[in-house]
Every structure is written in C-alpha cells, then in structure tokens.
Amino acid sequence: MSASPVITIRNLNSHYQGHQVLHDVSFQVPRNQITVIMGMSGCGKTTLLRHLVALKKTGLNQIEVDGKDMGKYQEKELSAYRRRIGVLFQSGALFNSLSVAENIAVPLKVHTALPGEIIRIMALIKLNMVGLVDVADYLPSQLSGGMRKRAGLARSLAMDPEILFVDEPSAGLDPITAAALDQLILELKETLGMTIIVVTHELRSAFDIADQMVVMDKGRILQAGSPDTIRESGNERVQQFLRREADQGSLKTEEYVAQLMA
Amino acid sequence: MAVVLRDQDSQKVVLEIQDALDRNTVPEIRKQILKIIKKRDIRQVDILAHGVTSMDTAGVALLLETWRTLEKKSGALKLRGLNEGALRIIQLARLNDVLSGSIVEERNEGH
C-alpha cells in the first residue's frame, strides 16, 4: 500500500457487557483514501468505529493516529482530534429543536471564531452538497429518514474534516440518493483529499467507493486489501458474505436445546 | 499580515491574500476586506490569490460574501491566481457558475 497511514490499529480488543466484541483487530487506514469496513450485522463494525472516533475508550498501544497513541490522549489531544474528524452516525444524530441549517452550524459555532454570516453560508454549501439546501430552515422532524441521514452527513462535513467517518451511509436511502452520496464521498476524497472510513454492509456501494476494504466477522478481521483482493478472496466466509448467503444456524441442535432449557 | 493592499484608487482596490484562506484565518481577513469594500465609492475589488496555499469552505464563503456585497452596489469582484485546489473547492461547493464571472484565468500550479 503506497499511501502513508493516518491511523494504525494494532491488536485492538474490545468488550461490551462482559462479552468480547473485537478480537485482535489490526489494519491501517491510508491517508487520502477511502477505507470501507464491512461485514454482517453484529460483526463489530460499529464498535470499531466508536473506538476510532474516540467515543469508546481505547487501551494503550492499540490505535495510533499520525504515530501518536490514542490510549495516551489527554483532554487537550482528544479535543484536537475531534476537531480533525467528522462523523456521520447511522441515525444522523441531529438536534430536534434546531433547524437543519442550525444543526450544521453547531460545530462551527462551538469550534471556530467565524462570524454568523460566514457560518450560515458554509452550512448552506454543505446542505447543497447533499441536495438539501431547499430544506435548510426545516426542523429535523419534518424530514424523512433519508433526508435526516443526508443532513447528518452535511453536519459531519461542517468543519471540512481531515478524516471523515461514515456509518452506514446508504441505509434507508433510495438507490438514486445512495448513488449520489457515494459520488459525493468520492468527490470529497478527490477534491479535499479527505481520508474517509465508511462502515457498511452494502456491497455495491462498498465496491464502488473503496480503495481498501476490511471484511469483519464475529469481531475479527477475515481479510483486508484492495477491492480486487477481496473479490478474489479464497476465504470461504468472505465469499459467503459477497454471495449474500445466509448462515445455516450458528448453534448445533444440542447447544440450541441446552440454551432453551437453561 | 494575511491581506496586503497592493493598489488603490477611488473606485478600485487590489488586495493580495497570502497563506491559508480557511476557518482559522477568515475571521481576520474578512474584517479587513469588509472594511475596504464598504467604503462608498469602491466598485471593483481584485483579489490576488497566487499566494493562497490552501482554502476550505470558509474561504469559499468569504469569497461569496465579498462577491455578493459588491454586486449589491453594482460592483465587481475579480479573483486572480486561484490554484487548482481552490478552484476544485469552489466547484465542490457548486459555486463555479456563480463565481465564474469573477475568476480570471491565470492559475498557479500550487494546491
């Protein structure tokens, strides 16, 4: 891989309510490229994302950003890192009491000394990028699910982030809007040189935008590499995912009965 | 200083912007530009942008605001020497049509 890594993940383990959800996850996020993390529901993608955006505490020597250990971040470094990143959550995570444009303006008001006139223009530029400039003064409750998702993306772009994290961008969107969003993600990489990490299980979108792919299953990385490497993977589980084949039941009959009786 | 006054007569000013035109520098640069263009007789502002090393959407917003302020008084904005990166951000902001009349083709090669 030619691009230098912005983020290096090394043997990351993570637990949730006593269960281990990530097992020795290791890969690198190359600069100015799009990395797509994919896998079936519950494979640990979102937990991994929460570590990467510093919403879940990470231990020492597990995630490095530009060579600095995220596990050693103090409040100042954490705040500086959050100003470098943009995050689109699955839900869009908008403030219901603010208009769509005001939602986009929030990070700019909090983190910059920009005057209101410039902030308003920047918010409208971001809304125009996602095709929502017409509803700038609507409340989030007046938008459809897909529109809220796009408004969330506009907000994640408010600060022109260096690194953009996007959780399930296509979920709940019609195919045309989803394709437009993929196109925007590619444009952001090309135009602004953003490093973009997309979490998705939408195969078509993933192969359309990815420079690098990471396929996860049950909290582990099955394979990482270029889209061609993944497409030609000899790993049966990767191929099963690409063929969209259902599992044949994860528990053996006797284990299933034992669980029912427990 | 991020903005340098290069030339001025009663109706026209030539300003040079250097270094970054981004969310960190725009507040100060804007103050200086607005102070000049709000003078009653100013009708044309030329911005020399050859020395702009990077620009983000805060920079685009400032250019748009400057363009609009001048347009309201039947004035004109000329942008000279915008680099490829800046032109691409204007395009990404879907403002190339709006600002195309202002952009003077004498690009520098920087990003």
# chains A, B, ... in the order shown; residues from 1 in each chain; ligands from 1
>>> closest_atom_pairs(of="chain A", to="chain B", cutoff="10 Å", atoms="only C-alpha atoms", output="JSON lines")
{"residue": "A:Leu108", "atom": "CA", "partner": "B:Arg23", "partner_atom": "CA", "distance": 8.8}
{"residue": "A:His111", "atom": "CA", "partner": "B:Arg23", "partner_atom": "CA", "distance": 9.7}
{"residue": "A:Thr112", "atom": "CA", "partner": "B:Arg23", "partner_atom": "CA", "distance": 6.9}
{"residue": "A:Ala113", "atom": "CA", "partner": "B:Pro27", "partner_atom": "CA", "distance": 6.7}
{"residue": "A:Leu114", "atom": "CA", "partner": "B:Pro27", "partner_atom": "CA", "distance": 5.4}
{"residue": "A:Pro115", "atom": "CA", "partner": "B:Pro27", "partner_atom": "CA", "distance": 6.8}
{"residue": "A:Glu117", "atom": "CA", "partner": "B:Glu65", "partner_atom": "CA", "distance": 8.2}
{"residue": "A:Ile118", "atom": "CA", "partner": "B:Ala61", "partner_atom": "CA", "distance": 5.7}
{"residue": "A:Ile119", "atom": "CA", "partner": "B:Ala58", "partner_atom": "CA", "distance": 7.7}
{"residue": "A:Arg120", "atom": "CA", "partner": "B:Ala61", "partner_atom": "CA", "distance": 8.8}
{"residue": "A:Ile121", "atom": "CA", "partner": "B:Ala61", "partner_atom": "CA", "distance": 5.7}
{"residue": "A:Met122", "atom": "CA", "partner": "B:Ala61", "partner_atom": "CA", "distance": 6.0}
{"residue": "A:Ala123", "atom": "CA", "partner": "B:Thr57", "partner_atom": "CA", "distance": 9.5}
{"residue": "A:Leu124", "atom": "CA", "partner": "B:Ala93", "partner_atom": "CA", "distance": 9.3}
{"residue": "A:Ile125", "atom": "CA", "partner": "B:Ala93", "partner_atom": "CA", "distance": 5.6}
{"residue": "A:Lys126", "atom": "CA", "partner": "B:Ala93", "partner_atom": "CA", "distance": 7.4}
{"residue": "A:Leu127", "atom": "CA", "partner": "B:Ala93", "partner_atom": "CA", "distance": 9.6}
{"residue": "A:Asn128", "atom": "CA", "partner": "B:Ala93", "partner_atom": "CA", "distance": 7.4}
{"residue": "A:Met129", "atom": "CA", "partner": "B:Ala93", "partner_atom": "CA", "distance": 6.5}
{"residue": "A:Leu157", "atom": "CA", "partner": "B:Thr57", "partner_atom": "CA", "distance": 9.9}
{"residue": "A:Ala158", "atom": "CA", "partner": "B:Thr57", "partner_atom": "CA", "distance": 8.8}
{"residue": "A:Met159", "atom": "CA", "partner": "B:Arg23", "partner_atom": "CA", "distance": 8.1}
{"residue": "A:Asp160", "atom": "CA", "partner": "B:Asp56", "partner_atom": "CA", "distance": 6.8}
{"residue": "A:Pro161", "atom": "CA", "partner": "B:Asp56", "partner_atom": "CA", "distance": 9.9}
{"residue": "A:Leu184", "atom": "CA", "partner": "B:Leu92", "partner_atom": "CA", "distance": 8.9}
{"residue": "A:Glu187", "atom": "CA", "partner": "B:Leu92", "partner_atom": "CA", "distance": 7.5}
{"residue": "A:Leu188", "atom": "CA", "partner": "B:Leu92", "partner_atom": "CA", "distance": 8.0}
{"residue": "A:Glu190", "atom": "CA", "partner": "B:Arg88", "partner_atom": "CA", "distance": 9.1}
{"residue": "A:Thr191", "atom": "CA", "partner": "B:Arg88", "partner_atom": "CA", "distance": 5.9}
{"residue": "A:Leu192", "atom": "CA", "partner": "B:Ile89", "partner_atom": "CA", "distance": 7.2}
{"residue": "A:Gly193", "atom": "CA", "partner": "B:Gly85", "partner_atom": "CA", "distance": 9.7}
>>> select_by_dssp(residues="chain B", states="helix (DSSP H, G or I)", output="JSON, numbers by chain")
{"B": [26, 27, 28, 29, 30, 31, 32, 33, 34, 35, 36, 37, 57, 58, 59, 60, 61, 62, 63, 64, 65, 66, 67, 68, 69, 70, 71, 72, 84, 85, 86, 87, 88, 89, 90, 91, 92, 96, 97, 98, 99]}
>>> residues_around(residues="Ala151 in chain A", least_positions_apart="5", cutoff="9 Å", atoms="only C-alpha atoms", output="NGL selection string")
:A and (92 or 94 or 100-101 or 103-104 or 126-127 or 130 or 132 or 140 or 146 or 156)
>>> write_last_selection(atoms="C-alpha atoms", output="short mmCIF file (atom, residue, chain, number, x, y, z; two decimals), in the first residue's frame")
data_model
loop_
_atom_site.label_atom_id
_atom_site.label_comp_id
_atom_site.auth_asym_id
_atom_site.auth_seq_id
_atom_site.Cartn_x
_atom_site.Cartn_y
_atom_site.Cartn_z
CA GLY A 92 -27.97 11.22 11.70
CA LEU A 94 -29.50 15.85 14.79
CA VAL A 100 -31.37 21.77 9.65
CA ALA A 101 -29.03 24.70 8.87
CA ASN A 103 -27.65 21.83 13.12
CA ILE A 104 -24.89 22.13 10.52
CA LYS A 126 -22.77 21.69 2.92
CA LEU A 127 -26.53 21.27 2.57
CA VAL A 130 -26.06 16.69 -0.06
CA LEU A 132 -30.87 19.56 0.95
CA PRO A 140 -35.38 17.52 11.59
CA GLY A 146 -33.11 9.51 4.30
CA SER A 156 -20.23 15.87 9.64
#
>>> closest_residue(among="B:Leu70, B:Leu5, B:Val104, B:Leu21", to="Lys39 in chain B", atoms="only C-alpha atoms")
B:Leu70
>>> closest_residue(among="A:Val36, A:Lys218, A:Pro227, A:Arg84", to="Pro169 in chain A", atoms="only C-alpha atoms")
A:Val36
>>> closest_residue(among="B:Val45, B:Val4, B:Val52, B:Leu34", to="Asp19 in chain B", atoms="only C-alpha atoms")
B:Val52
>>> select_by_dssp(residues="range 37-103 of chain B", states="strand (DSSP E or B)", output="list of chain:residue names")
B:Gln44, B:Val45, B:Asp46, B:Ile47, B:Leu48, B:Ala49, B:His50, B:Gly51, B:Val52, B:Thr53, B:Ser54, B:Met55, B:Ala76, B:Leu77, B:Lys78, B:Leu79, B:Arg80, B:Ile103
>>> write_last_selection(atoms="C-alpha atoms", output="mmCIF file, in the first residue's frame")
data_model
loop_
_atom_site.group_PDB
_atom_site.id
_atom_site.type_symbol
_atom_site.label_atom_id
_atom_site.label_comp_id
_atom_site.auth_asym_id
_atom_site.auth_seq_id
_atom_site.Cartn_x
_atom_site.Cartn_y
_atom_site.Cartn_z
ATOM 1 C CA GLN B 44 -14.168 46.802 -8.033
ATOM 2 C CA VAL B 45 -12.032 44.575 -5.866
ATOM 3 C CA ASP B 46 -9.258 42.485 -7.370
ATOM 4 C CA ILE B 47 -8.021 39.725 -5.117
ATOM 5 C CA LEU B 48 -4.604 38.335 -5.954
ATOM 6 C CA ALA B 49 -4.665 34.767 -4.700
ATOM 7 C CA HIS B 50 -1.390 33.439 -6.107
ATOM 8 C CA GLY B 51 -0.035 33.201 -2.562
ATOM 9 C CA VAL B 52 -3.012 31.293 -1.133
ATOM 10 C CA THR B 53 -1.609 27.922 -0.130
ATOM 11 C CA SER B 54 -4.851 26.286 0.991
ATOM 12 C CA MET B 55 -8.532 27.103 1.058
ATOM 13 C CA ALA B 76 -17.398 43.518 -9.349
ATOM 14 C CA LEU B 77 -15.003 41.024 -7.792
ATOM 15 C CA LYS B 78 -12.027 39.667 -9.724
ATOM 16 C CA LEU B 79 -10.177 36.629 -8.404
ATOM 17 C CA ARG B 80 -6.716 36.191 -9.881
ATOM 18 C CA ILE B 103 -12.441 34.122 -11.756
#
>>> residues_around(residues="Met147 in chain A", least_positions_apart="4", cutoff="12 Å", atoms="only C-alpha atoms", output="PyMOL selection string")
chain A and resi 91-92+94+100+127+130-136+138-143+151-154+169-174+177-178+181
>>> write_last_selection(atoms="N, CA and C atoms", output="PDB file, in the first residue's frame")
ATOM      1  N   SER A  91     -27.972   7.184  12.759  1.00  0.00           N
ATOM      2  CA  SER A  91     -29.244   7.881  12.976  1.00  0.00           C
ATOM      3  C   SER A  91     -29.231   9.308  12.433  1.00  0.00           C
ATOM      4  N   GLY A  92     -28.061   9.818  12.099  1.00  0.00           N
ATOM      5  CA  GLY A  92     -27.968  11.224  11.705  1.00  0.00           C
ATOM      6  C   GLY A  92     -27.681  12.114  12.904  1.00  0.00           C
ATOM      7  N   LEU A  94     -29.280  14.397  14.875  1.00  0.00           N
ATOM      8  CA  LEU A  94     -29.499  15.847  14.788  1.00  0.00           C
ATOM      9  C   LEU A  94     -30.215  16.352  16.044  1.00  0.00           C
ATOM     10  N   VAL A 100     -32.415  22.566  10.303  1.00  0.00           N
ATOM     11  CA  VAL A 100     -31.368  21.774   9.654  1.00  0.00           C
ATOM     12  C   VAL A 100     -30.086  22.612   9.512  1.00  0.00           C
ATOM     13  N   LEU A 127     -25.195  21.812   2.874  1.00  0.00           N
ATOM     14  CA  LEU A 127     -26.528  21.271   2.571  1.00  0.00           C
ATOM     15  C   LEU A 127     -26.727  21.116   1.065  1.00  0.00           C
ATOM     16  N   VAL A 130     -25.278  17.916  -0.269  1.00  0.00           N
ATOM     17  CA  VAL A 130     -26.065  16.691  -0.062  1.00  0.00           C
ATOM     18  C   VAL A 130     -27.483  16.834  -0.610  1.00  0.00           C
ATOM     19  N   GLY A 131     -27.720  17.904  -1.352  1.00  0.00           N
ATOM     20  CA  GLY A 131     -29.018  18.078  -2.017  1.00  0.00           C
ATOM     21  C   GLY A 131     -30.146  18.483  -1.094  1.00  0.00           C
ATOM     22  N   LEU A 132     -29.823  19.208  -0.012  1.00  0.00           N
ATOM     23  CA  LEU A 132     -30.874  19.562   0.946  1.00  0.00           C
ATOM     24  C   LEU A 132     -30.991  21.063   1.193  1.00  0.00           C
ATOM     25  N   VAL A 133     -30.442  21.871   0.301  1.00  0.00           N
ATOM     26  CA  VAL A 133     -30.436  23.298   0.579  1.00  0.00           C
ATOM     27  C   VAL A 133     -31.859  23.856   0.652  1.00  0.00           C
ATOM     28  N   ASP A 134     -32.792  23.193  -0.015  1.00  0.00           N
ATOM     29  CA  ASP A 134     -34.190  23.666  -0.009  1.00  0.00           C
ATOM     30  C   ASP A 134     -34.868  23.510   1.356  1.00  0.00           C
ATOM     31  N   VAL A 135     -34.327  22.655   2.202  1.00  0.00           N
ATOM     32  CA  VAL A 135     -34.990  22.413   3.488  1.00  0.00           C
ATOM     33  C   VAL A 135     -34.145  22.923   4.654  1.00  0.00           C
ATOM     34  N   ALA A 136     -33.298  23.905   4.364  1.00  0.00           N
ATOM     35  CA  ALA A 136     -32.363  24.416   5.379  1.00  0.00           C
ATOM     36  C   ALA A 136     -33.071  24.874   6.651  1.00  0.00           C
ATOM     37  N   TYR A 138     -36.039  23.856   7.756  1.00  0.00           N
ATOM     38  CA  TYR A 138     -36.962  22.873   8.337  1.00  0.00           C
ATOM     39  C   TYR A 138     -36.384  22.346   9.647  1.00  0.00           C
ATOM     40  N   LEU A 139     -37.268  21.786  10.459  1.00  0.00           N
ATOM     41  CA  LEU A 139     -36.806  21.062  11.643  1.00  0.00           C
ATOM     42  C   LEU A 139     -36.553  19.604  11.248  1.00  0.00           C
ATOM     43  N   PRO A 140     -35.649  18.920  11.934  1.00  0.00           N
ATOM     44  CA  PRO A 140     -35.382  17.516  11.593  1.00  0.00           C
ATOM     45  C   PRO A 140     -36.640  16.655  11.567  1.00  0.00           C
ATOM     46  N   SER A 141     -37.608  16.979  12.437  1.00  0.00           N
ATOM     47  CA  SER A 141     -38.829  16.171  12.491  1.00  0.00           C
ATOM     48  C   SER A 141     -39.656  16.294  11.204  1.00  0.00           C
ATOM     49  N   GLN A 142     -39.351  17.306  10.407  1.00  0.00           N
ATOM     50  CA  GLN A 142     -40.092  17.499   9.145  1.00  0.00           C
ATOM     51  C   GLN A 142     -39.417  16.770   7.978  1.00  0.00           C
ATOM     52  N   LEU A 143     -38.316  16.088   8.257  1.00  0.00           N
ATOM     53  CA  LEU A 143     -37.577  15.407   7.189  1.00  0.00           C
ATOM     54  C   LEU A 143     -37.841  13.908   7.215  1.00  0.00           C
ATOM     55  N   ALA A 151     -28.688  15.127   6.039  1.00  0.00           N
ATOM     56  CA  ALA A 151     -28.404  16.316   6.872  1.00  0.00           C
ATOM     57  C   ALA A 151     -27.283  15.990   7.861  1.00  0.00           C
ATOM     58  N   GLY A 152     -27.301  14.770   8.375  1.00  0.00           N
ATOM     59  CA  GLY A 152     -26.223  14.341   9.286  1.00  0.00           C
ATOM     60  C   GLY A 152     -24.882  14.350   8.577  1.00  0.00           C
ATOM     61  N   LEU A 153     -24.890  13.941   7.320  1.00  0.00           N
ATOM     62  CA  LEU A 153     -23.631  13.953   6.553  1.00  0.00           C
ATOM     63  C   LEU A 153     -23.154  15.402   6.363  1.00  0.00           C
ATOM     64  N   ALA A 154     -24.111  16.292   6.051  1.00  0.00           N
ATOM     65  CA  ALA A 154     -23.742  17.711   5.902  1.00  0.00           C
ATOM     66  C   ALA A 154     -23.118  18.228   7.195  1.00  0.00           C
ATOM     67  N   PRO A 169     -23.833   4.798   5.296  1.00  0.00           N
ATOM     68  CA  PRO A 169     -24.370   5.958   4.584  1.00  0.00           C
ATOM     69  C   PRO A 169     -25.604   5.660   3.745  1.00  0.00           C
ATOM     70  N   SER A 170     -25.710   4.439   3.238  1.00  0.00           N
ATOM     71  CA  SER A 170     -26.805   4.141   2.303  1.00  0.00           C
ATOM     72  C   SER A 170     -28.063   3.633   2.995  1.00  0.00           C
ATOM     73  N   ALA A 171     -27.957   3.325   4.287  1.00  0.00           N
ATOM     74  CA  ALA A 171     -29.108   2.726   4.970  1.00  0.00           C
ATOM     75  C   ALA A 171     -30.307   3.667   4.922  1.00  0.00           C
ATOM     76  N   GLY A 172     -31.414   3.157   4.475  1.00  0.00           N
ATOM     77  CA  GLY A 172     -32.652   3.941   4.442  1.00  0.00           C
ATOM     78  C   GLY A 172     -32.761   4.876   3.260  1.00  0.00           C
ATOM     79  N   LEU A 173     -31.813   4.827   2.339  1.00  0.00           N
ATOM     80  CA  LEU A 173     -31.870   5.731   1.183  1.00  0.00           C
ATOM     81  C   LEU A 173     -32.324   4.975  -0.061  1.00  0.00           C
ATOM     82  N   ASP A 174     -33.006   5.691  -0.952  1.00  0.00           N
ATOM     83  CA  ASP A 174     -33.363   5.083  -2.229  1.00  0.00           C
ATOM     84  C   ASP A 174     -32.096   4.953  -3.068  1.00  0.00           C
ATOM     85  N   THR A 177     -30.482   8.281  -4.482  1.00  0.00           N
ATOM     86  CA  THR A 177     -29.864   9.119  -3.455  1.00  0.00           C
ATOM     87  C   THR A 177     -28.601   8.455  -2.920  1.00  0.00           C
ATOM     88  N   ALA A 178     -28.643   7.135  -2.763  1.00  0.00           N
ATOM     89  CA  ALA A 178     -27.468   6.409  -2.259  1.00  0.00           C
ATOM     90  C   ALA A 178     -26.300   6.561  -3.233  1.00  0.00           C
ATOM     91  N   LEU A 181     -24.793   9.934  -2.955  1.00  0.00           N
ATOM     92  CA  LEU A 181     -23.969  10.036  -1.743  1.00  0.00           C
ATOM     93  C   LEU A 181     -22.600   9.389  -1.958  1.00  0.00           C
TER      94      LEU A 181
END
